[in-house]
Amino acid sequence: MAQGVLIFAEQREGVLKPSSLEAATLGRELKKEIGGELSVAIIGANSSSLSSEFKQYGVDKVYLADSEELNQYDGERYTALLAEAVSKAQPSVLIIVASAMGKDIAPRAASSLGAGLATDCTGVKVIDGKIIITRPVYAGKALIKLRIDSELQILSIRPNVFPKKAEGDTDPEVIELQIGEKKNPVSEVQHVKSERPELTEASIIVSGGRGMGGPENFHLTEELADVLGAAVGASRAVVDAGWRPHTEQVGQTGKTVSPNLYIACGISGAIQHLAGMSSSKVIVAINKDADAPIFKVATYGIVGDLFEVVPKMIKEIKALNS
Amino acid sequence: MNIVVCMKSVPSSETKVKINSDGVTIEQTDVVFEINPYDEYAIEEAIRAKEAHGGKVTILTLGAATATQNIRKALAMGADEALHLICENAELADSSTIAELLYSAIKEIEFDVIFCGKKAIDCDNHQLPNRLAQLLDIPAVTAISNLELTTESGSAKRNIEGGTELITVNLPALFSAEKGLNEPRYASLPGIMAAKKKPLEERQVSMSNEKLTILSLELPPPKPKGRIVGEGPEAAGELVRILREEAKVI
């Protein structure tokens with residue numbers, strides 16, 4: 001009988017992804033209701049030290065695969081190891097973070113384990129021992145509630161939605177996993193050097209739209225982002241115009257984000273953009289047009305010329321920070 | 001090189017979603033269905049691969065009968081033939097069931113490469129490409145932004161947080177497309193004419209949601225009415241104060 005919760009701990013180069021602790025916090029909560037153990041699967045090179053990061057998350061067991069051979073994410077190999085952890089732990093719930101890696105490994109694991117999977121969940125409840133999930137569909141234009149009927153219920157959670165909370169202190173038992181053979185090597189990982197946080201993980205995002213006037217003006221959103229420690233986003237219009245890279249696009253055909261603060265500069269608020277960001281906790285809109293649809297979802301708005309408002313904001317925030 | 005592209009018809013990204021009285025589906029009157037944007041990149045990449053290496057491109061769609069017009073669009077772009085598995089109300093269906101149905105159809109087709117979009121913009125499931133690859137027991141590289149394809153192998157780049165991964169796999173393989181992979185072409189007039197005569201096979205299929213049960217579909221709670229802090233740069237100071245002291249987000 002499957003019981004308990006298993007967390008897939010995401011790491012790259014021996015550094016734990018912070019959202020993995022959000023998954024662990026959720027796992028600890030679920031364990032209280034459904035019983036069983038809370039365990040963590042840690043897979044990667046130099047990853048054994050990461051188990052200590054879960055000490056304050058009520059973890060009973062760590063399933064560990066630490067080998068130099070696992071220094072790059074490899075979907076097939078990582079999935080095989082995660083599946084082995086599942087067969088050892090026999091959990092009823094497996095939680096993965098819906099990151100680039102999580103979006104890749106979750107359906108692989110679900111398929112190989114014959115399990116149902118709900119991706120990018122933003123709400124989780126337990127009713128009669130079964131997990132009830134809320135997740136956005138149509139990029140957030142609607143919310144779907146569903147139940148996973150397979151014995152193993154797999155869910156991936158949207159980063160930055162479930163709070164993480166350290167509590168207590170445990171000394172989990174560590175169980176080593178058998179590492180299988182390599183099939184399709186990741187030949188290279190190139191890192192883009194960026195001082196800014198990743199869009200989908202950022203707690204603050206500053207986005208620019210067509211109102212920015214041209215690619216040469218985006219230093220303004222970048223500067224505002226930098227004084228706030230924020231990520232930089234863009235609307236589809238400016239990405240399609242080639243002003244900004246597509247990796248920055250927020251919306252139904254880009255990234256769906258839920259930061260604590262989303263600042264929209266010169267974005268009118270096309271429905272497909274609103275879909276991708278309206279679940280942000282606080283939304284600020286700066287736009288010349290008082291009738292722009294962005295003001296309908298904005299928590300706070302300034303009607304005005306962003307070329308005057310944004311520099312003033314940068315100055316005010318700098319003054320506060322100093 | 002034989003290529004299969006999995007394509008879905010989805011409500012256009014401009015669609016304003018309204019929920020039906022059944023509480024589990026959306027109203028489809030006045031909804032414009034278009035090719036899932038990520039699938040357009042998949043179709044374009046498939047046609048480019050055919051242009052480089054020869055062979056043919058088969059479009060595989062599972063969905064309502066009304067998807068035919070979008071299948072014709074894909075044929076007009078340059079795909080050669082299509083198989084339409086007709087099934088109503090499949091939009092929000094369980095990816096595992098859809099993967100099984102597509103798998104049953106694809107295993108009858110000779111292929112070297114399968115292209116998919118990284119996700120469909122209606123269900124946002126992000127599951128099908130990997131589930132399908134697992135069933136076919138072939139390697140998959142998902143959400144790719146670049147591909148170098150030979151007759152033997154494919155080297156694909158995928159964006160990860162703060163970087164890119166370069167992954168090389170032997171064919172047969174599946175690749176799912178991210179925005180930026182290419183710029184999809186428009187169908188030419190001769191292409192549109194030719195598409196009308198290209199083979200399109202239709203099969204009725206039925207499905208059940210085996211692993212997931214949809215309990216309800218709801219609109220998100222309405223946003224509380226926002227507040228215009230002011231006009232022009234004079235309001236910037238007040239906005240920053242509110243964000244720090246009231247909203248406590250900076």
# chains A, B, ... in the order shown; residues from 1 in each chain; ligands from 1
call {"tool": "interface_residues", "arguments": {"of": "chain B", "to": "chain A", "cutoff": "7 Å", "atoms": "only C-alpha atoms", "output": "CSV table (one decimal) with N, CA and C atoms, in the first residue's frame"}}
result
chain,number,residue,atom,x,y,z
B,13,SER,N,-5.1,32.6,-28.6
B,13,SER,CA,-4.7,33.2,-27.3
B,13,SER,C,-5.4,34.5,-27.0
B,14,GLU,N,-6.2,34.9,-28.0
B,14,GLU,CA,-7.0,36.1,-27.8
B,14,GLU,C,-8.4,35.8,-27.1
B,17,VAL,N,-12.2,33.4,-22.0
B,17,VAL,CA,-12.7,32.1,-21.6
B,17,VAL,C,-14.0,32.3,-20.9
B,121,ILE,N,-1.4,25.4,-25.5
B,121,ILE,CA,-1.7,26.6,-24.7
B,121,ILE,C,-3.1,26.6,-24.1
B,122,ASP,N,-3.9,25.5,-24.3
B,122,ASP,CA,-5.2,25.4,-23.6
B,122,ASP,C,-5.0,24.7,-22.3
B,123,CYS,N,-4.6,23.4,-22.4
B,123,CYS,CA,-4.5,22.6,-21.1
B,123,CYS,C,-3.2,22.9,-20.4
B,124,ASP,N,-2.2,23.5,-21.1
B,124,ASP,CA,-0.9,23.8,-20.4
B,124,ASP,C,-0.3,22.6,-19.7
B,125,ASN,N,-0.5,21.4,-20.2
B,125,ASN,CA,-0.1,20.2,-19.4
B,125,ASN,C,1.4,19.9,-19.5
B,126,HIS,N,2.0,20.2,-20.6
B,126,HIS,CA,3.5,20.0,-20.7
B,126,HIS,C,3.9,18.6,-20.5
B,127,GLN,N,3.1,17.6,-20.9
B,127,GLN,CA,3.3,16.2,-20.7
B,127,GLN,C,3.5,15.4,-21.9
B,130,ASN,N,7.0,13.9,-23.7
B,130,ASN,CA,7.8,13.0,-23.0
B,130,ASN,C,7.0,11.6,-22.8
B,131,ARG,N,5.7,11.8,-22.6
B,131,ARG,CA,4.9,10.5,-22.4
B,131,ARG,C,5.0,9.7,-23.7
B,134,GLN,N,8.3,8.1,-24.2
B,134,GLN,CA,8.5,6.9,-23.3
B,134,GLN,C,7.8,5.7,-23.9
B,142,THR,N,13.2,18.1,-25.0
B,142,THR,CA,12.0,19.0,-24.9
B,142,THR,C,12.3,20.4,-24.9
B,160,ILE,N,17.5,26.5,-20.1
B,160,ILE,CA,17.2,26.2,-18.7
B,160,ILE,C,17.4,27.5,-17.9
B,161,GLU,N,17.1,27.5,-16.7
B,161,GLU,CA,17.2,28.7,-15.9
B,161,GLU,C,18.7,29.1,-15.9
B,162,GLY,N,19.0,30.3,-16.4
B,162,GLY,CA,20.3,30.8,-16.5
B,162,GLY,C,21.3,30.1,-17.4
B,163,GLY,N,20.8,29.5,-18.5
B,163,GLY,CA,21.7,28.9,-19.4
B,163,GLY,C,21.0,28.1,-20.5
B,164,THR,N,21.8,27.3,-21.2
B,164,THR,CA,21.2,26.4,-22.2
B,164,THR,C,21.9,25.0,-22.1
B,165,GLU,N,21.2,23.9,-22.4
B,165,GLU,CA,21.8,22.6,-22.5
B,165,GLU,C,21.9,22.2,-23.9
B,166,LEU,N,22.9,21.6,-24.3
B,166,LEU,CA,23.1,21.0,-25.6
B,166,LEU,C,23.0,19.5,-25.5
B,167,ILE,N,22.0,18.9,-26.2
B,167,ILE,CA,21.8,17.5,-26.0
B,167,ILE,C,21.8,16.8,-27.4
B,168,THR,N,22.6,15.8,-27.5
B,168,THR,CA,22.7,15.1,-28.8
B,168,THR,C,22.1,13.7,-28.6
B,169,VAL,N,21.1,13.3,-29.5
B,169,VAL,CA,20.5,12.0,-29.4
B,169,VAL,C,20.5,11.4,-30.8
B,179,LYS,N,9.3,28.5,-28.4
B,179,LYS,CA,9.4,29.7,-29.2
B,179,LYS,C,10.8,30.1,-29.5
B,180,GLY,N,11.1,30.5,-30.7
B,180,GLY,CA,12.4,30.9,-31.0
B,180,GLY,C,13.2,29.9,-31.8
B,211,LYS,N,-6.6,8.4,-15.6
B,211,LYS,CA,-5.8,8.7,-14.4
B,211,LYS,C,-6.1,10.0,-13.7
B,212,LEU,N,-6.9,10.8,-14.4
B,212,LEU,CA,-7.3,12.1,-13.8
B,212,LEU,C,-8.8,12.3,-13.9
B,213,THR,N,-9.4,12.9,-12.9
B,213,THR,CA,-10.8,13.2,-13.0
B,213,THR,C,-10.9,14.7,-12.8
B,214,ILE,N,-11.5,15.3,-13.8
B,214,ILE,CA,-11.8,16.8,-13.7
B,214,ILE,C,-13.0,17.0,-12.8
B,215,LEU,N,-12.8,17.8,-11.8
B,215,LEU,CA,-13.9,18.0,-10.8
B,215,LEU,C,-14.6,19.3,-11.2
B,216,SER,N,-13.9,20.3,-11.5
B,216,SER,CA,-14.5,21.6,-11.9
B,216,SER,C,-13.6,22.5,-12.7
B,217,LEU,N,-14.2,23.4,-13.4
B,217,LEU,CA,-13.4,24.4,-14.1
B,217,LEU,C,-14.1,25.8,-13.7
B,218,GLU,N,-13.2,26.7,-13.2
B,218,GLU,CA,-13.7,28.0,-12.7
B,218,GLU,C,-12.9,29.1,-13.3
B,219,LEU,N,-13.6,30.3,-13.3
B,219,LEU,CA,-12.8,31.5,-13.6
B,219,LEU,C,-12.0,31.9,-12.4
B,220,PRO,N,-10.9,32.5,-12.5
B,220,PRO,CA,-10.1,32.9,-11.3
B,220,PRO,C,-10.9,34.0,-10.6
B,223,LYS,N,-10.2,40.2,-9.6
B,223,LYS,CA,-9.2,41.1,-8.9
B,223,LYS,C,-9.9,42.2,-8.1
B,226,GLY,N,-8.3,48.0,-8.4
B,226,GLY,CA,-7.0,48.7,-8.2
B,226,GLY,C,-7.2,50.2,-7.9
B,227,ARG,N,-6.1,50.8,-7.7
B,227,ARG,CA,-6.1,52.2,-7.3
B,227,ARG,C,-5.1,53.0,-8.1
B,228,ILE,N,-5.6,54.0,-8.7
B,228,ILE,CA,-4.7,54.9,-9.5
B,228,ILE,C,-4.0,55.8,-8.5
B,229,VAL,N,-2.7,55.6,-8.4
B,229,VAL,CA,-1.9,56.4,-7.4
B,229,VAL,C,-1.8,57.9,-7.8
B,230,GLY,N,-1.7,58.1,-9.0
B,230,GLY,CA,-1.6,59.5,-9.5
B,230,GLY,C,-1.3,59.6,-10.9
B,231,GLU,N,-1.0,60.8,-11.4
B,231,GLU,CA,-0.6,61.0,-12.8
B,231,GLU,C,0.8,61.6,-12.9
B,232,GLY,N,1.6,61.1,-13.8
B,232,GLY,CA,2.9,61.6,-14.1
B,232,GLY,C,3.9,61.3,-13.0
B,233,PRO,N,5.1,61.8,-13.2
B,233,PRO,CA,6.2,61.4,-12.3
B,233,PRO,C,6.0,61.9,-10.8
B,235,ALA,N,3.7,61.1,-9.0
B,235,ALA,CA,3.1,60.0,-8.3
B,235,ALA,C,4.1,58.9,-7.9
B,236,ALA,N,5.3,59.0,-8.5
B,236,ALA,CA,6.3,57.9,-8.4
B,236,ALA,C,6.7,57.7,-6.9
B,237,GLY,N,6.9,58.8,-6.2
B,237,GLY,CA,7.4,58.8,-4.8
B,237,GLY,C,6.3,58.1,-4.0
B,240,VAL,N,6.2,54.3,-4.7
B,240,VAL,CA,7.3,53.6,-4.0
B,240,VAL,C,7.0,53.4,-2.5
B,249,VAL,N,6.2,44.9,-0.6
B,249,VAL,CA,6.8,44.0,-1.6
B,249,VAL,C,8.2,44.4,-2.1
B,250,ILE,N,8.6,45.6,-1.6
B,250,ILE,CA,10.0,46.0,-2.0
B,250,ILE,C,10.8,46.4,-0.7
call {"tool": "residues_around", "arguments": {"residues": "Ala24 of chain A", "least_positions_apart": "4", "cutoff": "10 Å", "atoms": "only C-alpha atoms", "output": "tab-separated table (two decimals) with all heavy atoms, in the first residue's frame"}}
result
chain	number	residue	atom	x	y	z
A	5	VAL	N	5.01	10.70	1.24
A	5	VAL	CA	5.30	11.68	0.20
A	5	VAL	C	6.78	11.62	-0.15
A	5	VAL	O	7.63	11.54	0.74
A	5	VAL	CB	4.95	13.11	0.68
A	5	VAL	CG1	5.21	14.14	-0.42
A	5	VAL	CG2	3.51	13.20	1.16
A	6	LEU	N	7.08	11.65	-1.45
A	6	LEU	CA	8.47	11.73	-1.91
A	6	LEU	C	8.65	13.05	-2.66
A	6	LEU	O	7.80	13.44	-3.45
A	6	LEU	CB	8.79	10.55	-2.84
A	6	LEU	CG	10.18	10.53	-3.48
A	6	LEU	CD1	11.27	10.30	-2.45
A	6	LEU	CD2	10.27	9.46	-4.58
A	7	ILE	N	9.75	13.74	-2.36
A	7	ILE	CA	10.07	14.99	-3.04
A	7	ILE	C	11.24	14.75	-3.98
A	7	ILE	O	12.22	14.12	-3.58
A	7	ILE	CB	10.53	16.07	-2.02
A	7	ILE	CG1	9.55	16.22	-0.86
A	7	ILE	CG2	10.80	17.42	-2.70
A	7	ILE	CD1	8.20	16.69	-1.25
A	8	PHE	N	11.17	15.25	-5.20
A	8	PHE	CA	12.34	15.25	-6.07
A	8	PHE	C	13.08	16.56	-5.81
A	8	PHE	O	12.56	17.64	-6.06
A	8	PHE	CB	11.93	15.15	-7.54
A	8	PHE	CG	13.08	15.37	-8.50
A	8	PHE	CD1	14.13	14.46	-8.58
A	8	PHE	CD2	13.12	16.50	-9.31
A	8	PHE	CE1	15.20	14.67	-9.45
A	8	PHE	CE2	14.19	16.71	-10.19
A	8	PHE	CZ	15.22	15.80	-10.26
A	9	ALA	N	14.30	16.44	-5.26
A	9	ALA	CA	15.08	17.64	-4.94
A	9	ALA	C	15.88	18.04	-6.17
A	9	ALA	O	16.74	17.30	-6.62
A	9	ALA	CB	16.03	17.34	-3.78
A	19	SER	N	13.26	26.33	-4.67
A	19	SER	CA	11.86	25.87	-4.69
A	19	SER	C	11.70	24.44	-4.20
A	19	SER	O	10.60	24.02	-3.85
A	19	SER	CB	11.28	25.97	-6.10
A	19	SER	OG	11.59	27.18	-6.69
A	20	SER	N	12.80	23.67	-4.18
A	20	SER	CA	12.71	22.30	-3.66
A	20	SER	C	12.28	22.31	-2.20
A	20	SER	O	11.64	21.38	-1.72
A	20	SER	CB	14.05	21.59	-3.79
A	20	SER	OG	14.39	21.45	-5.15
A	28	ARG	N	5.60	18.05	3.79
A	28	ARG	CA	5.44	17.89	5.24
A	28	ARG	C	3.98	18.09	5.63
A	28	ARG	O	3.43	17.38	6.47
A	28	ARG	CB	6.35	18.90	5.95
A	28	ARG	CG	6.45	18.71	7.45
A	28	ARG	CD	7.41	19.72	8.05
A	28	ARG	NE	6.96	21.08	7.79
A	28	ARG	CZ	7.75	22.16	7.82
A	28	ARG	NH1	9.03	22.03	8.10
A	28	ARG	NH2	7.27	23.35	7.57
A	29	GLU	N	3.32	19.09	5.02
A	29	GLU	CA	1.91	19.35	5.31
A	29	GLU	C	1.05	18.17	4.87
A	29	GLU	O	0.15	17.74	5.60
A	29	GLU	CB	1.44	20.63	4.59
A	29	GLU	CG	2.08	21.92	5.10
A	29	GLU	CD	1.93	22.07	6.61
A	29	GLU	OE1	0.78	21.97	7.10
A	29	GLU	OE2	2.95	22.27	7.30
A	30	LEU	N	1.32	17.66	3.67
A	30	LEU	CA	0.51	16.55	3.15
A	30	LEU	C	0.70	15.29	3.99
A	30	LEU	O	-0.25	14.55	4.24
A	30	LEU	CB	0.88	16.25	1.69
A	30	LEU	CG	0.53	17.34	0.67
A	30	LEU	CD1	0.96	16.90	-0.74
A	30	LEU	CD2	-0.97	17.64	0.68
A	38	LEU	N	7.99	11.12	4.96
A	38	LEU	CA	8.39	12.12	3.97
A	38	LEU	C	9.82	11.79	3.56
A	38	LEU	O	10.72	11.72	4.40
A	38	LEU	CB	8.32	13.53	4.59
A	38	LEU	CG	8.80	14.67	3.68
A	38	LEU	CD1	7.94	14.78	2.43
A	38	LEU	CD2	8.78	16.01	4.44
A	39	SER	N	10.02	11.57	2.27
A	39	SER	CA	11.37	11.28	1.82
A	39	SER	C	11.74	12.20	0.66
A	39	SER	O	10.88	12.82	0.03
A	39	SER	CB	11.52	9.81	1.45
A	39	SER	OG	10.35	9.31	0.87
A	40	VAL	N	13.04	12.28	0.41
A	40	VAL	CA	13.55	13.16	-0.64
A	40	VAL	C	14.48	12.36	-1.54
A	40	VAL	O	15.31	11.60	-1.04
A	40	VAL	CB	14.36	14.34	-0.03
A	40	VAL	CG1	14.89	15.25	-1.13
A	40	VAL	CG2	13.52	15.14	0.93
A	54	PHE	N	17.61	19.70	4.11
A	54	PHE	CA	16.22	19.27	4.36
A	54	PHE	C	15.97	18.95	5.84
A	54	PHE	O	14.89	18.53	6.21
A	54	PHE	CB	15.88	18.05	3.50
A	54	PHE	CG	15.74	18.39	2.05
A	54	PHE	CD1	16.83	18.29	1.18
A	54	PHE	CD2	14.53	18.85	1.53
A	54	PHE	CE1	16.71	18.61	-0.15
A	54	PHE	CE2	14.40	19.17	0.19
A	54	PHE	CZ	15.50	19.05	-0.65
A	56	GLN	N	15.40	20.65	8.38
A	56	GLN	CA	14.32	21.37	9.07
A	56	GLN	C	12.99	21.26	8.33
A	56	GLN	O	12.12	22.11	8.46
A	56	GLN	CB	14.71	22.83	9.24
A	56	GLN	CG	15.86	22.97	10.24
A	56	GLN	CD	16.28	24.41	10.38
A	56	GLN	OE1	16.72	25.03	9.43
A	56	GLN	NE2	16.11	24.95	11.58
A	57	TYR	N	12.87	20.21	7.53
A	57	TYR	CA	11.62	20.04	6.78
A	57	TYR	C	10.96	18.69	7.07
A	57	TYR	O	10.18	18.20	6.28
A	57	TYR	CB	11.88	20.26	5.28
A	57	TYR	CG	12.21	21.73	5.03
A	57	TYR	CD1	13.51	22.20	5.17
A	57	TYR	CD2	11.19	22.64	4.75
A	57	TYR	CE1	13.80	23.55	5.01
A	57	TYR	CE2	11.48	23.99	4.58
A	57	TYR	CZ	12.79	24.43	4.72
A	57	TYR	OH	13.05	25.76	4.57
A	58	GLY	N	11.31	18.12	8.20
A	58	GLY	CA	10.62	16.90	8.63
A	58	GLY	C	10.87	15.69	7.77
A	58	GLY	O	10.01	14.80	7.67
A	59	VAL	N	12.04	15.63	7.14
A	59	VAL	CA	12.32	14.53	6.22
A	59	VAL	C	12.79	13.28	6.99
A	59	VAL	O	13.67	13.36	7.84
A	59	VAL	CB	13.38	14.96	5.18
A	59	VAL	CG1	13.83	13.76	4.34
A	59	VAL	CG2	12.83	16.06	4.30
A	95	ILE	N	6.21	14.82	-5.39
A	95	ILE	CA	6.15	16.25	-5.71
A	95	ILE	C	7.43	16.68	-6.41
A	95	ILE	O	8.55	16.39	-5.95
A	95	ILE	CB	5.94	17.12	-4.44
A	95	ILE	CG1	4.73	16.62	-3.64
A	95	ILE	CG2	5.76	18.59	-4.82
A	95	ILE	CD1	4.52	17.39	-2.34
A	96	ILE	N	7.27	17.38	-7.52
A	96	ILE	CA	8.38	17.88	-8.33
A	96	ILE	C	8.13	19.37	-8.55
A	96	ILE	O	6.98	19.80	-8.59
A	96	ILE	CB	8.39	17.12	-9.69
A	96	ILE	CG1	8.67	15.62	-9.45
A	96	ILE	CG2	9.41	17.71	-10.66
A	96	ILE	CD1	8.46	14.73	-10.66
A	162	PHE	N	3.90	28.14	-3.30
A	162	PHE	CA	3.77	27.51	-1.99
A	162	PHE	C	4.89	28.04	-1.09
A	162	PHE	O	6.06	28.00	-1.46
A	162	PHE	CB	3.87	25.99	-2.12
A	162	PHE	CG	2.75	25.40	-2.92
A	162	PHE	CD1	2.85	25.26	-4.30
A	162	PHE	CD2	1.56	25.02	-2.31
A	162	PHE	CE1	1.80	24.74	-5.05
A	162	PHE	CE2	0.52	24.51	-3.04
A	162	PHE	CZ	0.63	24.36	-4.42
A	164	LYS	N	7.73	28.34	1.80
A	164	LYS	CA	8.58	27.35	2.48
A	164	LYS	C	8.73	27.76	3.93
A	164	LYS	O	8.76	28.95	4.25
A	164	LYS	CB	9.95	27.24	1.79
A	164	LYS	CG	10.82	28.44	1.93
A	164	LYS	CD	12.23	28.15	1.44
A	164	LYS	CE	13.06	29.41	1.61
A	164	LYS	NZ	14.28	29.43	0.87
A	165	LYS	N	8.79	26.75	4.79
A	165	LYS	CA	8.88	27.05	6.21
A	165	LYS	C	9.72	26.01	6.93
A	165	LYS	O	9.37	24.83	6.97
A	165	LYS	CB	7.46	27.08	6.81
A	165	LYS	CG	7.42	27.70	8.18
A	165	LYS	CD	5.99	27.95	8.63
A	165	LYS	CE	5.98	28.38	10.08
A	165	LYS	NZ	5.11	27.60	10.93
A	166	ALA	N	10.84	26.44	7.48
A	166	ALA	CA	11.69	25.54	8.27
A	166	ALA	C	11.02	25.30	9.61
A	166	ALA	O	10.41	26.21	10.18
A	166	ALA	CB	13.07	26.16	8.46
call {"tool": "residues_around", "arguments": {"residues": "segment 60-69 of chain A", "least_positions_apart": "6", "cutoff": "8 Å", "atoms": "only C-alpha atoms", "output": "PyMOL selection string"}}
result
chain A and resi 37-48+51+81+85+170-179
call {"tool": "write_last_selection", "arguments": {"atoms": "N, CA and C atoms", "output": "PDB file, in the first residue's frame"}}
result
ATOM      1  N   GLU A  37       5.731   8.308   5.456  1.00  0.00           N
ATOM      2  CA  GLU A  37       6.982   9.032   5.650  1.00  0.00           C
ATOM      3  C   GLU A  37       7.145  10.139   4.615  1.00  0.00           C
ATOM      4  N   LEU A  38       7.995  11.119   4.956  1.00  0.00           N
ATOM      5  CA  LEU A  38       8.393  12.125   3.972  1.00  0.00           C
ATOM      6  C   LEU A  38       9.819  11.795   3.562  1.00  0.00           C
ATOM      7  N   SER A  39      10.015  11.573   2.275  1.00  0.00           N
ATOM      8  CA  SER A  39      11.371  11.285   1.816  1.00  0.00           C
ATOM      9  C   SER A  39      11.741  12.199   0.658  1.00  0.00           C
ATOM     10  N   VAL A  40      13.042  12.277   0.409  1.00  0.00           N
ATOM     11  CA  VAL A  40      13.554  13.163  -0.641  1.00  0.00           C
ATOM     12  C   VAL A  40      14.479  12.358  -1.541  1.00  0.00           C
ATOM     13  N   ALA A  41      14.321  12.531  -2.856  1.00  0.00           N
ATOM     14  CA  ALA A  41      15.262  11.919  -3.801  1.00  0.00           C
ATOM     15  C   ALA A  41      16.231  12.997  -4.252  1.00  0.00           C
ATOM     16  N   ILE A  42      17.526  12.772  -3.981  1.00  0.00           N
ATOM     17  CA  ILE A  42      18.558  13.732  -4.367  1.00  0.00           C
ATOM     18  C   ILE A  42      19.448  13.065  -5.409  1.00  0.00           C
ATOM     19  N   ILE A  43      19.502  13.652  -6.600  1.00  0.00           N
ATOM     20  CA  ILE A  43      20.236  13.042  -7.703  1.00  0.00           C
ATOM     21  C   ILE A  43      21.180  14.080  -8.303  1.00  0.00           C
ATOM     22  N   GLY A  44      22.471  13.760  -8.406  1.00  0.00           N
ATOM     23  CA  GLY A  44      23.408  14.692  -9.027  1.00  0.00           C
ATOM     24  C   GLY A  44      24.815  14.535  -8.478  1.00  0.00           C
ATOM     25  N   ALA A  45      25.780  15.171  -9.160  1.00  0.00           N
ATOM     26  CA  ALA A  45      27.162  15.117  -8.678  1.00  0.00           C
ATOM     27  C   ALA A  45      27.318  16.025  -7.463  1.00  0.00           C
ATOM     28  N   ASN A  46      28.103  15.589  -6.505  1.00  0.00           N
ATOM     29  CA  ASN A  46      28.351  16.357  -5.276  1.00  0.00           C
ATOM     30  C   ASN A  46      27.070  16.773  -4.577  1.00  0.00           C
ATOM     31  N   SER A  47      26.116  15.865  -4.570  1.00  0.00           N
ATOM     32  CA  SER A  47      24.801  16.225  -4.042  1.00  0.00           C
ATOM     33  C   SER A  47      24.568  15.705  -2.621  1.00  0.00           C
ATOM     34  N   SER A  48      25.498  14.868  -2.108  1.00  0.00           N
ATOM     35  CA  SER A  48      25.205  14.244  -0.808  1.00  0.00           C
ATOM     36  C   SER A  48      25.069  15.274   0.312  1.00  0.00           C
ATOM     37  N   SER A  51      21.488  16.856   1.559  1.00  0.00           N
ATOM     38  CA  SER A  51      20.473  16.278   2.451  1.00  0.00           C
ATOM     39  C   SER A  51      20.343  17.107   3.727  1.00  0.00           C
ATOM     40  N   LEU A  81      16.527   6.820 -11.964  1.00  0.00           N
ATOM     41  CA  LEU A  81      16.885   6.910 -10.547  1.00  0.00           C
ATOM     42  C   LEU A  81      15.690   7.331  -9.693  1.00  0.00           C
ATOM     43  N   ALA A  85      13.827   5.344  -6.656  1.00  0.00           N
ATOM     44  CA  ALA A  85      13.477   5.913  -5.348  1.00  0.00           C
ATOM     45  C   ALA A  85      12.001   5.677  -5.049  1.00  0.00           C
ATOM     46  N   THR A 170      15.370  17.145  11.955  1.00  0.00           N
ATOM     47  CA  THR A 170      15.412  15.681  11.861  1.00  0.00           C
ATOM     48  C   THR A 170      16.768  15.255  11.317  1.00  0.00           C
ATOM     49  N   ASP A 171      17.073  13.999  11.506  1.00  0.00           N
ATOM     50  CA  ASP A 171      18.329  13.459  10.987  1.00  0.00           C
ATOM     51  C   ASP A 171      17.970  12.293  10.062  1.00  0.00           C
ATOM     52  N   PRO A 172      17.677  12.596   8.795  1.00  0.00           N
ATOM     53  CA  PRO A 172      17.131  11.562   7.922  1.00  0.00           C
ATOM     54  C   PRO A 172      18.128  10.440   7.643  1.00  0.00           C
ATOM     55  N   GLU A 173      17.587   9.260   7.494  1.00  0.00           N
ATOM     56  CA  GLU A 173      18.369   8.089   7.096  1.00  0.00           C
ATOM     57  C   GLU A 173      18.673   8.227   5.598  1.00  0.00           C
ATOM     58  N   VAL A 174      19.925   7.913   5.210  1.00  0.00           N
ATOM     59  CA  VAL A 174      20.299   8.068   3.798  1.00  0.00           C
ATOM     60  C   VAL A 174      20.393   6.695   3.133  1.00  0.00           C
ATOM     61  N   ILE A 175      19.693   6.534   2.019  1.00  0.00           N
ATOM     62  CA  ILE A 175      19.706   5.265   1.282  1.00  0.00           C
ATOM     63  C   ILE A 175      20.257   5.530  -0.118  1.00  0.00           C
ATOM     64  N   GLU A 176      21.284   4.781  -0.510  1.00  0.00           N
ATOM     65  CA  GLU A 176      21.923   5.024  -1.816  1.00  0.00           C
ATOM     66  C   GLU A 176      21.155   4.327  -2.939  1.00  0.00           C
ATOM     67  N   LEU A 177      21.077   5.010  -4.074  1.00  0.00           N
ATOM     68  CA  LEU A 177      20.417   4.430  -5.249  1.00  0.00           C
ATOM     69  C   LEU A 177      21.467   3.847  -6.197  1.00  0.00           C
ATOM     70  N   GLN A 178      21.067   2.843  -6.981  1.00  0.00           N
ATOM     71  CA  GLN A 178      21.954   2.234  -7.975  1.00  0.00           C
ATOM     72  C   GLN A 178      21.960   3.080  -9.240  1.00  0.00           C
ATOM     73  N   ILE A 179      23.161   3.489  -9.685  1.00  0.00           N
ATOM     74  CA  ILE A 179      23.233   4.350 -10.864  1.00  0.00           C
ATOM     75  C   ILE A 179      23.406   3.508 -12.121  1.00  0.00           C
TER      76      ILE A 179
END
call {"tool": "atom_distance", "arguments": {"atom1": "atom CA of Glu44 of chain B", "atom2": "atom CA of Ala237 of chain A"}}
result
21.1 Å
call {"tool": "select_by_dssp", "arguments": {"residues": "segment 32-88 of chain B", "states": "alpha helix (DSSP H)", "output": "list in words"}}
result
Pro37, Tyr38, Asp39, Glu40, Tyr41, Ala42, Ile43, Glu44, Glu45, Ala46, Ile47, Arg48, Ala49, Lys50, Glu51, Ala52, His53, Thr68, Gln69, Asn70, Ile71, Arg72, Lys73, Ala74, Leu75, Ala76 and Met77 of chain B
call {"tool": "decode", "arguments": {"residues": "segment 5-10 of chain B", "atoms": "C-alpha atoms", "output": "mmCIF file, in the first residue's frame"}}
result
data_model
loop_
_atom_site.group_PDB
_atom_site.id
_atom_site.type_symbol
_atom_site.label_atom_id
_atom_site.label_comp_id
_atom_site.auth_asym_id
_atom_site.auth_seq_id
_atom_site.Cartn_x
_atom_site.Cartn_y
_atom_site.Cartn_z
ATOM 1 C CA VAL B 5 4.244 16.254 -36.277
ATOM 2 C CA CYS B 6 1.742 16.130 -33.439
ATOM 3 C CA MET B 7 -0.535 19.115 -33.786
ATOM 4 C CA LYS B 8 -3.401 20.375 -31.658
ATOM 5 C CA SER B 9 -6.135 22.873 -32.461
ATOM 6 C CA VAL B 10 -6.551 25.275 -29.550
#
